[in-house]
Structure formats: structure tokens, C-alpha cells
>>> print(open('query_21.txt').read())   # compact mmCIF, C-alpha atoms
# COMPACT_ATOMS: atom_id res chain seq x y z
CA MET H 59 -73.48 75.72 160.17
CA TYR H 60 -71.07 73.89 157.89
CA GLY H 61 -69.30 72.41 160.91
CA TRP H 62 -72.62 71.15 162.17
CA ILE H 63 -73.38 69.49 158.83
CA TRP H 64 -69.93 67.95 158.71
CA ARG H 65 -70.30 66.49 162.18
CA HIS H 66 -73.65 64.96 161.32
CA LEU H 67 -72.47 63.21 158.17
CA PRO H 68 -71.78 59.52 158.61
CA GLY H 69 -68.54 57.71 157.87
CA ASN H 70 -64.93 58.74 157.96
CA ALA H 71 -63.44 61.91 156.50
CA TRP H 72 -63.35 60.56 152.91
CA VAL H 73 -66.95 59.44 152.97
CA ARG H 74 -67.97 62.77 154.42
CA ALA H 75 -66.01 64.61 151.74
CA VAL H 76 -67.78 62.65 149.00
CA ILE H 77 -71.20 63.22 150.59
CA SER H 78 -70.39 66.93 150.96
CA LEU H 79 -69.49 67.16 147.29
CA VAL H 80 -72.75 65.50 146.32
CA LEU H 81 -74.65 67.88 148.59
CA VAL H 82 -72.91 70.91 147.07
CA LEU H 83 -73.67 69.71 143.54
CA GLY H 84 -77.26 69.09 144.52
CA VAL H 85 -77.61 72.59 145.90
CA VAL H 86 -76.07 74.08 142.75
CA PHE H 87 -78.45 72.04 140.60
CA VAL H 88 -81.50 73.22 142.56
CA LEU H 89 -80.27 76.81 142.31
CA PHE H 90 -79.70 76.68 138.55
CA GLN H 91 -82.83 74.70 137.83
CA TYR H 92 -85.37 76.37 140.07
CA VAL H 93 -84.15 79.28 142.17
CA PHE H 94 -82.23 81.35 139.61
CA PRO H 95 -84.85 81.03 136.84
CA TRP H 96 -87.32 82.36 139.38
CA ALA H 97 -85.06 85.22 140.51
CA GLU H 98 -83.81 86.22 137.09
CA PRO H 99 -86.98 87.99 135.84
CA LEU H 100 -86.67 90.31 138.84
CA LEU H 101 -83.61 91.78 137.12
CA PRO H 102 -84.05 94.29 134.31
CA PHE H 103 -82.44 92.40 131.41
CA ASN H 104 -85.75 90.99 130.24
CA ASP H 105 -87.46 94.23 129.34
CA VAL H 106 -86.92 94.54 125.63
CA THR H 107 -90.39 95.32 124.36
CA VAL H 108 -92.48 98.45 124.22
CA ASP H 109 -95.75 98.09 126.07
CA GLU H 110 -98.32 100.04 128.03
CA GLY H 111 -97.37 98.70 131.46
CA SER H 112 -93.90 100.14 131.85
CA GLY H 113 -91.63 97.30 132.76
CA ALA H 114 -94.50 95.08 133.81
CA THR H 115 -94.20 92.80 130.82
CA PRO H 116 -90.66 91.59 130.35
CA MET S 159 -66.81 58.59 166.32
CA ARG S 160 -67.84 61.14 168.91
CA SER S 161 -67.27 64.72 168.10
CA ARG S 162 -64.63 66.49 170.10
CA TRP S 163 -66.49 69.76 169.90
CA THR S 164 -69.29 68.97 172.38
CA PRO S 165 -69.47 71.99 174.67
CA PRO S 166 -68.18 71.54 178.19
CA PRO S 167 -71.06 70.65 180.49
CA ARG S 168 -70.24 73.36 182.97
CA ALA S 169 -71.40 76.56 181.33
CA VAL S 170 -71.42 78.15 177.94
CA ARG S 171 -68.72 80.70 178.40
CA ARG S 172 -68.77 84.10 176.83
CA ASP S 173 -65.88 83.48 174.45
CA VAL S 174 -67.59 80.35 173.18
CA VAL S 175 -70.71 82.31 172.38
CA LEU S 176 -68.63 84.98 170.69
CA ARG S 177 -66.75 82.39 168.66
CA LEU S 178 -70.00 80.81 167.54
CA ALA S 179 -71.42 84.17 166.56
CA VAL S 180 -68.36 85.18 164.56
CA ARG S 181 -68.19 81.81 162.86
CA THR S 182 -71.86 81.83 161.93
CA PHE S 183 -71.59 85.37 160.64
CA SER S 184 -68.59 84.54 158.45
CA GLU S 185 -70.32 81.43 157.15
CA VAL S 186 -73.37 83.44 156.20
CA CYS S 187 -71.15 85.97 154.41
CA LEU S 188 -69.30 83.24 152.55
CA THR S 189 -72.58 81.61 151.56
CA ALA S 190 -74.02 84.90 150.32
CA GLY S 191 -70.87 85.63 148.31
CA THR S 192 -70.91 82.20 146.74
CA LEU S 193 -74.59 82.59 145.88
CA ILE S 194 -73.95 85.91 144.18
CA VAL S 195 -71.05 84.53 142.15
CA LEU S 196 -73.18 81.55 141.12
CA PHE S 197 -76.06 83.82 140.14
CA VAL S 198 -73.82 86.03 138.03
CA ALA S 199 -72.47 82.92 136.32
CA TYR S 200 -76.04 81.80 135.71
CA VAL S 201 -77.13 85.10 134.21
CA LEU S 202 -74.03 85.69 132.09
CA LEU S 203 -73.18 82.18 130.97
CA TRP S 204 -75.87 79.67 131.67
CA THR S 205 -78.79 81.61 130.19
CA GLY S 206 -76.71 81.86 127.00
CA VAL S 207 -76.12 78.12 126.95
CA LYS S 208 -79.81 77.47 127.54
CA ALA S 209 -80.87 79.99 124.90
CA ASP S 210 -78.47 78.65 122.28
CA ARG S 211 -79.83 75.18 122.86
CA ALA S 212 -83.44 76.40 122.72
CA MET S 213 -82.80 78.45 119.56
CA ASP S 214 -81.15 75.52 117.84
CA GLY S 215 -84.14 73.39 118.79
CA GLU S 216 -86.64 75.96 117.51
CA MET S 217 -84.70 76.33 114.28
CA ALA S 218 -84.53 72.58 113.71
CA ARG S 219 -88.24 72.09 114.42
CA MET S 220 -89.16 74.96 112.12
CA ARG S 221 -87.05 73.56 109.28
CA ASP S 222 -88.64 70.17 109.84
CA ARG S 223 -92.08 71.76 109.55
CA TRP S 224 -91.03 73.57 106.39
CA ALA S 225 -89.70 70.38 104.91
CA ALA S 226 -92.87 68.51 105.84
CA ALA S 227 -95.29 71.12 104.50
CA PRO S 228 -93.53 73.70 102.37
CA ALA S 229 -96.78 75.34 101.31
CA ALA S 230 -98.40 75.30 104.74
CA ALA S 231 -97.32 78.84 105.52
CA PRO S 232 -97.70 80.76 102.32
CA ALA S 233 -95.79 84.00 102.42
CA GLY S 234 -97.42 87.23 101.46
CA PRO S 235 -95.32 88.88 98.80
CA ALA S 236 -98.49 89.73 96.93
CA PRO S 237 -100.21 92.84 98.27
CA THR S 238 -103.68 91.30 98.22
CA PRO S 239 -105.08 90.84 101.69
CA ALA S 240 -106.70 87.49 102.28
CA PRO S 241 -109.74 87.96 104.49
CA THR S 242 -110.60 84.84 106.38
CA PRO S 243 -113.73 84.12 108.36
CA ALA S 244 -111.73 83.16 111.44
CA ALA S 245 -109.66 86.33 111.47
CA PRO S 246 -109.63 87.71 115.02
CA GLN S 247 -109.54 91.27 113.78
CA GLN S 248 -111.28 92.73 110.81
CA PRO S 249 -109.19 92.43 107.66
CA THR S 250 -108.03 95.85 106.67
CA PRO S 251 -107.13 97.12 103.23
CA PRO S 252 -103.40 97.63 102.69
CA PRO S 253 -103.27 101.43 102.50
CA GLN S 254 -104.37 102.49 105.95
CA THR S 255 -102.83 104.12 108.94
CA GLY S 256 -105.12 102.97 111.71
CA PRO S 257 -104.46 100.33 114.36
CA PRO S 258 -102.09 97.43 113.59
CA ALA S 259 -102.96 95.88 110.28
CA GLN S 260 -103.51 92.20 110.10
CA GLU S 261 -103.78 90.83 106.63
CA ARG S 262 -104.10 87.21 107.65
CA PRO S 263 -104.69 85.31 110.86
CA GLY S 264 -101.68 85.48 113.14
CA TYR S 265 -98.92 82.98 113.48
CA PRO S 266 -99.34 80.19 116.04
CA PRO S 267 -98.28 81.70 119.38
CA GLY S 268 -94.94 80.69 120.84
CA ARG S 269 -93.76 78.96 117.67
CA ALA S 270 -90.92 79.87 115.38
CA PHE S 271 -92.08 80.93 111.92
CA ALA S 272 -89.07 82.65 110.39
CA GLU S 273 -85.34 83.03 110.73
CA MET S 274 -83.50 86.32 110.77
CA TYR S 275 -80.08 87.18 109.39
CA VAL S 276 -78.35 90.48 110.11
CA PRO S 277 -74.99 90.66 108.34
CA ARG S 278 -74.00 93.62 110.57
CA PHE S 279 -74.17 91.32 113.60
CA GLY S 280 -71.86 88.79 111.99
CA THR S 281 -71.97 86.45 109.05
CA ASP S 282 -73.03 83.53 111.21
CA TRP S 283 -75.68 85.52 113.09
CA ASN S 284 -78.91 83.67 112.57
CA LYS S 285 -81.84 83.54 115.01
CA PRO S 286 -85.36 82.15 114.97
CA VAL S 287 -88.32 84.52 115.20
CA LEU S 288 -91.17 83.28 117.36
CA GLU S 289 -94.70 84.60 117.66
CA GLY S 290 -95.22 86.62 120.83
CA THR S 291 -93.06 88.72 123.12
CA ALA S 292 -93.63 87.02 126.48
CA ALA S 293 -90.55 86.38 128.60
CA GLU S 294 -90.76 82.64 127.96
CA VAL S 295 -90.84 83.19 124.21
CA LEU S 296 -87.89 85.55 124.23
CA LYS S 297 -85.81 82.91 125.95
CA LYS S 298 -86.04 80.80 122.79
CA GLY S 299 -85.42 83.41 120.14
CA LEU S 300 -86.60 86.77 118.88
CA GLY S 301 -90.24 87.67 119.46
CA HIS S 302 -92.71 89.00 116.92
CA TYR S 303 -95.15 91.48 118.46
CA GLU S 304 -98.60 89.93 118.26
CA GLY S 305 -100.97 92.00 116.20
CA THR S 306 -98.30 93.63 114.08
CA ALA S 307 -97.96 92.90 110.38
CA ARG S 308 -97.00 89.54 108.96
CA LEU S 309 -93.61 89.00 107.44
CA GLY S 310 -93.47 90.86 104.14
CA GLY S 311 -96.95 92.25 104.66
CA THR S 312 -98.20 95.81 104.63
CA GLY S 313 -97.80 97.37 108.03
CA ASN S 314 -95.07 97.04 110.57
CA PHE S 315 -93.49 93.65 111.17
CA SER S 316 -92.12 94.25 114.69
CA VAL S 317 -89.59 92.10 116.50
CA ALA S 318 -88.12 92.31 120.02
CA GLY S 319 -84.99 90.61 121.24
CA HIS S 320 -82.69 90.42 124.24
CA ARG S 321 -79.71 92.70 124.15
CA ARG S 322 -78.05 90.93 127.06
CA THR S 323 -78.48 87.48 128.58
CA TYR S 324 -80.19 84.60 126.80
CA GLY S 325 -77.61 84.44 124.07
CA ASP S 326 -77.25 88.23 123.67
CA PRO S 327 -79.00 88.19 120.27
CA PHE S 328 -79.19 92.00 119.91
CA LYS S 329 -75.88 92.75 121.60
CA ASP S 330 -74.63 94.84 118.65
CA PHE S 331 -77.94 96.63 118.15
CA PRO S 332 -76.40 100.17 118.37
CA GLU S 333 -74.11 99.27 115.46
CA LEU S 334 -77.03 99.18 113.02
CA ARG S 335 -76.89 101.96 110.43
CA PRO S 336 -79.11 103.07 107.57
CA GLY S 337 -78.49 100.81 104.59
CA ASP S 338 -77.85 97.69 106.65
CA ALA S 339 -79.79 94.64 105.62
CA VAL S 340 -82.11 92.68 107.90
CA ILE S 341 -82.96 89.50 106.06
CA LEU S 342 -85.77 87.16 107.02
CA LYS S 343 -86.71 83.82 105.62
CA ASP S 344 -89.88 81.86 106.05
CA ALA S 345 -91.05 78.62 104.48
CA THR S 346 -91.39 80.07 101.01
CA ALA S 347 -89.50 83.33 100.64
CA TRP S 348 -86.59 85.59 101.55
CA TYR S 349 -87.40 89.13 102.64
CA THR S 350 -84.72 91.78 102.64
CA TYR S 351 -85.45 94.82 104.76
CA THR S 352 -83.12 97.80 104.58
CA VAL S 353 -82.53 99.85 107.71
CA ARG S 354 -83.68 103.45 107.26
CA SER S 355 -82.96 104.98 110.67
CA GLU S 356 -80.22 105.27 113.25
CA PRO S 357 -81.04 103.43 116.49
CA LEU S 358 -83.54 105.61 118.33
CA ARG S 359 -83.61 105.73 122.10
CA THR S 360 -87.09 105.94 123.53
CA VAL S 361 -89.09 105.09 126.62
CA PRO S 362 -90.68 101.67 127.27
CA THR S 363 -94.20 103.03 126.99
CA ASP S 364 -93.66 104.41 123.49
CA ILE S 365 -95.82 101.78 121.83
CA GLY S 366 -96.23 103.98 118.76
CA VAL S 367 -92.92 102.68 117.44
CA VAL S 368 -94.65 99.48 116.34
CA ASP S 369 -97.54 101.28 114.66
CA PRO S 370 -98.10 100.54 110.96
CA VAL S 371 -96.63 103.97 110.23
CA PRO S 372 -94.55 104.88 113.30
CA PRO S 373 -94.76 108.59 114.15
CA ARG S 374 -91.06 109.32 114.62
CA SER S 375 -89.83 107.05 111.84
CA PRO S 376 -88.57 108.22 108.46
CA PHE S 377 -91.75 106.77 106.94
CA THR S 378 -94.67 108.99 106.03
CA GLY S 379 -97.11 106.69 104.28
CA PRO S 380 -98.21 103.06 104.53
CA GLY S 381 -95.67 100.49 103.49
CA ARG S 382 -93.97 97.23 104.36
CA TYR S 383 -91.89 98.08 107.38
CA LEU S 384 -89.86 96.32 110.02
CA THR S 385 -89.23 97.45 113.59
CA LEU S 386 -86.63 95.98 115.89
CA THR S 387 -86.68 96.77 119.61
CA THR S 388 -84.36 95.92 122.47
CA CYS S 389 -83.46 97.33 125.85
CA ASP S 390 -81.25 100.28 126.63
CA PRO S 391 -78.93 100.73 128.47
CA GLU S 392 -77.28 97.43 127.84
CA TRP S 393 -77.92 96.02 131.31
CA GLY S 394 -80.88 98.19 132.23
CA HIS S 395 -84.51 98.61 131.39
CA SER S 396 -85.15 102.33 131.63
CA HIS S 397 -85.25 102.84 127.87
CA ARG S 398 -85.61 101.00 124.58
CA LEU S 399 -83.64 101.13 121.37
CA VAL S 400 -85.61 101.07 118.15
CA VAL S 401 -84.56 100.64 114.53
CA TRP S 402 -86.84 100.89 111.50
CA ALA S 403 -86.36 99.22 108.16
CA GLU S 404 -88.27 98.94 104.93
CA LEU S 405 -88.88 95.96 102.66
CA THR S 406 -86.68 96.35 99.62
CA GLN S 407 -86.59 92.89 98.11
CA THR S 408 -88.57 89.67 98.13
CA ARG S 409 -87.34 86.45 96.60
CA THR S 410 -88.84 83.02 96.60
CA VAL S 411 -86.77 80.33 98.22
CA ALA S 412 -86.30 78.80 94.76
CA GLN S 413 -84.60 81.99 93.60
CA GLY S 414 -81.91 81.46 96.20
CA ARG S 415 -80.37 83.53 98.92
CA PRO S 416 -80.52 87.30 98.47
CA GLU S 417 -77.35 89.20 97.75
CA GLY S 418 -75.64 90.67 100.75
CA LEU S 419 -76.09 87.44 102.64
CA PRO S 420 -72.89 85.39 102.74
CA SER S 421 -73.71 81.76 102.20
>>> encode(input="query_21.txt", output="C-alpha cells")
Amino acid sequence: MYGWIWRHLPGNAWVRAVISLVLVLGVVFVLFQYVFPWAEPLLPFNDVTVDEGSGATP
Amino acid sequence: MRSRWTPPPRAVRRDVVLRLAVRTFSEVCLTAGTLIVLFVAYVLLWTGVKADRAMDGEMARMRDRWAAAPAAAPAGPAPTPAPTPAAPQQPTPPPQTGPPAQERPGYPPGRAFAEMYVPRFGTDWNKPVLEGTAAEVLKKGLGHYEGTARLGGTGNFSVAGHRRTYGDPFKDFPELRPGDAVILKDATAWYTYTVRSEPLRTVPTDIGVVDPVPPRSPFTGPGRYLTLTTCDPEWGHSHRLVVWAELTQTRTVAQGRPEGLPS
């Protein structure tokens, strides 16, 4: 998977390394900005209130 | 530059297939491990960074509003209820034990309207209190249960907060003891509530704890109470921790900070 990506990047090894770094940072950004905020309410740390629907409302 | 890896044209041999399978499997494992580490970092660190930023923003906006219109949100130290035509629920007289009392129309939802100080949590512990207890609200501060009493009012001013993640505002919740002060400030006044109970462990459906006179609290008659709730165990959601306090002092902002609050 990673080898496949590496082989399909253009340029020499340095250019590929820089592009890889940018790709990794981009993936981390998407994770922190969109994926983790979506996944985080599925964990139990949000339930701090008392309510009728047990655990339904965070 | 052509890749050297291009498979030999003859046939895909068994060991090549095996190598590919093992490599793909290890890559998937590595990716999953990295994802988990990143997610833990997000939950433990990044939510705190985000929450601190959001709380600072809420606090600054609230102070700006107070500075712009100091009398816009009159506090209710006087016991007289102010019935308003637009009140969503019927105004109720102060001494009553029925459903949540609402002396005045509620606070604007999702907005900070007060700041809380709890000396037990640290001298620099200071968080905004927002109206509502939705997940989005609790990411920006403590949440005031909608429909419970107003700050300083008769009834039960109830507040929920994260124990872990999002800045860990109620991390030291189990340390609260009777006699501790919970001090709140709005645009016009300081309210000092004194804790009257040890932290009580209860179940999430026990909504009676935010009643005007909570059944298992040390209180027997109507009064000006405060309830704090958070989750228990620390990282779980099976139970809730509850602490009750009672209004013991009200000062106008002009009278200065209440004693017990280090300046």
C-alpha cells in the first residue's frame, strides 16, 4: 500500500519524501478536523448530565 | 524512472503472493496502530486545547457583553419573581416544590451567562457557564440545565460539566466536601454557594437530582440551591456524580469579590 503510493509519486526520492510528508500532514489534519470529532461522541466521556434517555444525550 | 518491482511476466509465484499478503497485513496493522495513537492524542490533548480556546473565547465575549450592557442581565438576588408575558412556562411563586421553577425567561441558549470559581479545584480555576447541556455546549464550558432555576434564584440552579476530556473542568469533582465554596458571577452580582453534601454517586436516569428540592439531598424545603453533575467513573458513563450546595451569600459586583476567593 505505502510502497504503491511511493512508486506512484513523481520526482526523485527527495521530492517524494516532501510530497509524502505533505500527504501525511493532510491526513492528520482531516482526521483531527473531521473524523475524530465525529468518532469522539461514540466514546463515553461526554455523558455528564442526568436525563431520561440513559446515555442518549451526551 | 521505472520501478524495479514490476512482477516478472512469467507467473505470479506463490512466495510473491505470500510476501504481498504479509506486507499488506503489516501495513494495515501499522496504520491501525498509528490511528489509535492519534485518536488517543486527540481525545486526551487536543480536545483540551480546543476547549481551553473555546472557553477563553466565551469568557471574553461574555465580559464584552457585560461591559457593553451591564444592566442587560439583571441578577435576581431579590426573591420577587418577575412574571413576564413571554415566559415559556407559567411563573411560579418562590415557595413551591413542583416541577422546575422558572422565575424569569431562560437565558439565551448556547451562550455564556456566568463564570464559576471553585477554590477547591485551584485558585485559577475559572470556567464559563453556558445555557444548555448539549454536547456542543459542553465543549465550550459548563452547561446549565435548561428549565432549572436562574442563578441566585429560588429552585435548583443545576450545572453539568466534563470530568475528562474537553479541558477536564470537573476533574477534581470527588474532592468536593461540605463547606466548600462554589462561587458564580454574572453581570451584576457574585453568588456564593456552599456545598452541603458529599459527592453522591447515582445513575444517569436519576433526573430528580436537579429538582427544585432534590429528594436525596440534605435539603427539605424550598430554597436557593445549586447542583453540579459530572460523569462517574472518570472515563466511563455508567454513573453520575452529584454535589448539592446552597446559596449563602450574594454581593453586588460593586461590593467586590466575596471572601474565600483569592484575587
>>> atom_distance(input="query_21.txt", atom1="atom CA of S:Ala212", atom2="atom CA of S:Pro327")
12.8 Å
>>> residues_around(input="query_21.txt", residues="H:Met59", least_positions_apart="3", cutoff="9 Å", atoms="all atoms listed in the file", output="PDB file with C-alpha atoms, in the coordinates of the input")
ATOM      1  CA  TRP H  62     -72.620  71.150 162.170  1.00  0.00           C
ATOM      2  CA  ILE H  63     -73.380  69.490 158.830  1.00  0.00           C
ATOM      3  CA  TRP H  64     -69.930  67.950 158.710  1.00  0.00           C
TER       4      TRP H  64
ATOM      5  CA  ARG S 181     -68.190  81.810 162.860  1.00  0.00           C
ATOM      6  CA  THR S 182     -71.860  81.830 161.930  1.00  0.00           C
ATOM      7  CA  GLU S 185     -70.320  81.430 157.150  1.00  0.00           C
ATOM      8  CA  VAL S 186     -73.370  83.440 156.200  1.00  0.00           C
TER       9      VAL S 186
END
>>> atom_distance(input="query_21.txt", atom1="atom CA of S:Thr312", atom2="atom CA of S:Glu404")
10.4 Å
>>> residues_around(input="query_21.txt", residues="H:Leu81", least_positions_apart="6", cutoff="12 Å", atoms="all atoms listed in the file", output="PyMOL selection string")
chain H and resi 60+63-64+67+74-75+87-88
>>> interface_residues(input="query_21.txt", of="chain S", to="chain H", cutoff="7 Å", atoms="all atoms listed in the file", output="PyMOL selection string")
chain S and resi 161+182+197+200+292-293+318-320+322-323+362-365+387-389+393-395+398
>>> residues_near_point(input="query_21.txt", point="(-74.2, 87.7, 121.7)", cutoff="12 Å", atoms="all atoms listed in the file", output="JSON, numbers by chain")
{"S": [202, 203, 205, 206, 207, 209, 210, 279, 280, 282, 283, 284, 285, 319, 320, 321, 322, 323, 324, 325, 326, 327, 328, 329, 330, 331, 392]}
>>> residues_around(input="query_21.txt", residues="stretch 267-276 of chain S", least_positions_apart="5", cutoff="9 Å", atoms="only C-alpha atoms", output="VMD selection string")
chain S and resid 216 to 217 219 to 220 231 281 to 292 294 to 295 298 to 301 304 309 338 to 345 419
>>> closest_residue(input="query_21.txt", among="S:Arg382, S:Pro332, S:Val367, S:Val361", to="S:Arg308", atoms="all atoms listed in the file")
S:Arg382
>>> closest_residue(input="query_21.txt", among="S:Pro357, S:Pro416, S:Gly215, S:Gly381", to="S:Gly310", atoms="all atoms listed in the file")
S:Gly381
>>> atom_distance(input="query_21.txt", atom1="atom CA of S:Pro373", atom2="atom CA of S:Thr350")
22.7 Å
>>> axis_aligned_box(input="query_21.txt", around="stretch 74-93 of chain H", padding_each_side="4 Å", output="AutoDock Vina command-line options")
--center_x -75.7 --center_y 71.0 --center_z 146.1 --size_x 27.4 --size_y 24.6 --size_z 24.6
>>> build_atoms(input="query_21.txt", residues="stretch 74-99 of chain H", atoms="N, CA and C atoms", output="PDB file, keeping the file's coordinate frame")
ATOM      1  N   ARG H  74     -67.332  61.470 154.195  1.00  0.00           N
ATOM      2  CA  ARG H  74     -67.970  62.770 154.420  1.00  0.00           C
ATOM      3  C   ARG H  74     -67.638  63.750 153.290  1.00  0.00           C
ATOM      4  N   ALA H  75     -66.388  63.695 152.832  1.00  0.00           N
ATOM      5  CA  ALA H  75     -66.010  64.610 151.740  1.00  0.00           C
ATOM      6  C   ALA H  75     -66.844  64.321 150.499  1.00  0.00           C
ATOM      7  N   VAL H  76     -67.011  63.020 150.186  1.00  0.00           N
ATOM      8  CA  VAL H  76     -67.780  62.650 149.000  1.00  0.00           C
ATOM      9  C   VAL H  76     -69.233  63.091 149.163  1.00  0.00           C
ATOM     10  N   ILE H  77     -69.807  62.819 150.345  1.00  0.00           N
ATOM     11  CA  ILE H  77     -71.200  63.220 150.590  1.00  0.00           C
ATOM     12  C   ILE H  77     -71.329  64.738 150.490  1.00  0.00           C
ATOM     13  N   SER H  78     -70.349  65.463 151.024  1.00  0.00           N
ATOM     14  CA  SER H  78     -70.390  66.930 150.960  1.00  0.00           C
ATOM     15  C   SER H  78     -70.415  67.401 149.514  1.00  0.00           C
ATOM     16  N   LEU H  79     -69.551  66.777 148.709  1.00  0.00           N
ATOM     17  CA  LEU H  79     -69.490  67.160 147.290  1.00  0.00           C
ATOM     18  C   LEU H  79     -70.841  66.946 146.617  1.00  0.00           C
ATOM     19  N   VAL H  80     -71.444  65.792 146.901  1.00  0.00           N
ATOM     20  CA  VAL H  80     -72.750  65.500 146.320  1.00  0.00           C
ATOM     21  C   VAL H  80     -73.778  66.531 146.780  1.00  0.00           C
ATOM     22  N   LEU H  81     -73.720  66.881 148.064  1.00  0.00           N
ATOM     23  CA  LEU H  81     -74.650  67.880 148.590  1.00  0.00           C
ATOM     24  C   LEU H  81     -74.453  69.223 147.886  1.00  0.00           C
ATOM     25  N   VAL H  82     -73.197  69.627 147.715  1.00  0.00           N
ATOM     26  CA  VAL H  82     -72.910  70.910 147.070  1.00  0.00           C
ATOM     27  C   VAL H  82     -73.447  70.897 145.630  1.00  0.00           C
ATOM     28  N   LEU H  83     -73.185  69.810 144.917  1.00  0.00           N
ATOM     29  CA  LEU H  83     -73.670  69.710 143.540  1.00  0.00           C
ATOM     30  C   LEU H  83     -75.188  69.748 143.490  1.00  0.00           C
ATOM     31  N   GLY H  84     -75.804  69.071 144.472  1.00  0.00           N
ATOM     32  CA  GLY H  84     -77.260  69.090 144.520  1.00  0.00           C
ATOM     33  C   GLY H  84     -77.804  70.478 144.732  1.00  0.00           C
ATOM     34  N   VAL H  85     -77.164  71.224 145.635  1.00  0.00           N
ATOM     35  CA  VAL H  85     -77.610  72.590 145.900  1.00  0.00           C
ATOM     36  C   VAL H  85     -77.441  73.446 144.646  1.00  0.00           C
ATOM     37  N   VAL H  86     -76.303  73.303 143.967  1.00  0.00           N
ATOM     38  CA  VAL H  86     -76.070  74.080 142.750  1.00  0.00           C
ATOM     39  C   VAL H  86     -77.107  73.729 141.693  1.00  0.00           C
ATOM     40  N   PHE H  87     -77.441  72.457 141.577  1.00  0.00           N
ATOM     41  CA  PHE H  87     -78.450  72.040 140.600  1.00  0.00           C
ATOM     42  C   PHE H  87     -79.794  72.693 140.902  1.00  0.00           C
ATOM     43  N   VAL H  88     -80.199  72.626 142.178  1.00  0.00           N
ATOM     44  CA  VAL H  88     -81.500  73.220 142.560  1.00  0.00           C
ATOM     45  C   VAL H  88     -81.481  74.723 142.268  1.00  0.00           C
ATOM     46  N   LEU H  89     -80.365  75.376 142.569  1.00  0.00           N
ATOM     47  CA  LEU H  89     -80.270  76.810 142.310  1.00  0.00           C
ATOM     48  C   LEU H  89     -80.430  77.105 140.828  1.00  0.00           C
ATOM     49  N   PHE H  90     -79.679  76.391 139.986  1.00  0.00           N
ATOM     50  CA  PHE H  90     -79.700  76.680 138.550  1.00  0.00           C
ATOM     51  C   PHE H  90     -81.008  76.266 137.910  1.00  0.00           C
ATOM     52  N   GLN H  91     -81.622  75.222 138.462  1.00  0.00           N
ATOM     53  CA  GLN H  91     -82.830  74.700 137.830  1.00  0.00           C
ATOM     54  C   GLN H  91     -84.085  75.428 138.276  1.00  0.00           C
ATOM     55  N   TYR H  92     -84.127  75.817 139.537  1.00  0.00           N
ATOM     56  CA  TYR H  92     -85.370  76.370 140.070  1.00  0.00           C
ATOM     57  C   TYR H  92     -85.229  77.783 140.623  1.00  0.00           C
ATOM     58  N   VAL H  93     -84.211  78.004 141.454  1.00  0.00           N
ATOM     59  CA  VAL H  93     -84.150  79.280 142.170  1.00  0.00           C
ATOM     60  C   VAL H  93     -83.753  80.425 141.249  1.00  0.00           C
ATOM     61  N   PHE H  94     -82.694  80.265 140.470  1.00  0.00           N
ATOM     62  CA  PHE H  94     -82.230  81.350 139.610  1.00  0.00           C
ATOM     63  C   PHE H  94     -83.234  81.673 138.491  1.00  0.00           C
ATOM     64  N   PRO H  95     -83.832  80.680 137.843  1.00  0.00           N
ATOM     65  CA  PRO H  95     -84.850  81.030 136.840  1.00  0.00           C
ATOM     66  C   PRO H  95     -86.012  81.826 137.434  1.00  0.00           C
ATOM     67  N   TRP H  96     -86.272  81.585 138.740  1.00  0.00           N
ATOM     68  CA  TRP H  96     -87.320  82.360 139.380  1.00  0.00           C
ATOM     69  C   TRP H  96     -86.835  83.786 139.662  1.00  0.00           C
ATOM     70  N   ALA H  97     -85.582  83.916 140.099  1.00  0.00           N
ATOM     71  CA  ALA H  97     -85.060  85.220 140.510  1.00  0.00           C
ATOM     72  C   ALA H  97     -84.688  86.088 139.323  1.00  0.00           C
ATOM     73  N   GLU H  98     -84.365  85.468 138.208  1.00  0.00           N
ATOM     74  CA  GLU H  98     -83.810  86.220 137.090  1.00  0.00           C
ATOM     75  C   GLU H  98     -84.767  87.248 136.499  1.00  0.00           C
ATOM     76  N   PRO H  99     -86.076  86.959 136.381  1.00  0.00           N
ATOM     77  CA  PRO H  99     -86.980  87.990 135.840  1.00  0.00           C
ATOM     78  C   PRO H  99     -87.078  89.225 136.716  1.00  0.00           C
TER      79      PRO H  99
END
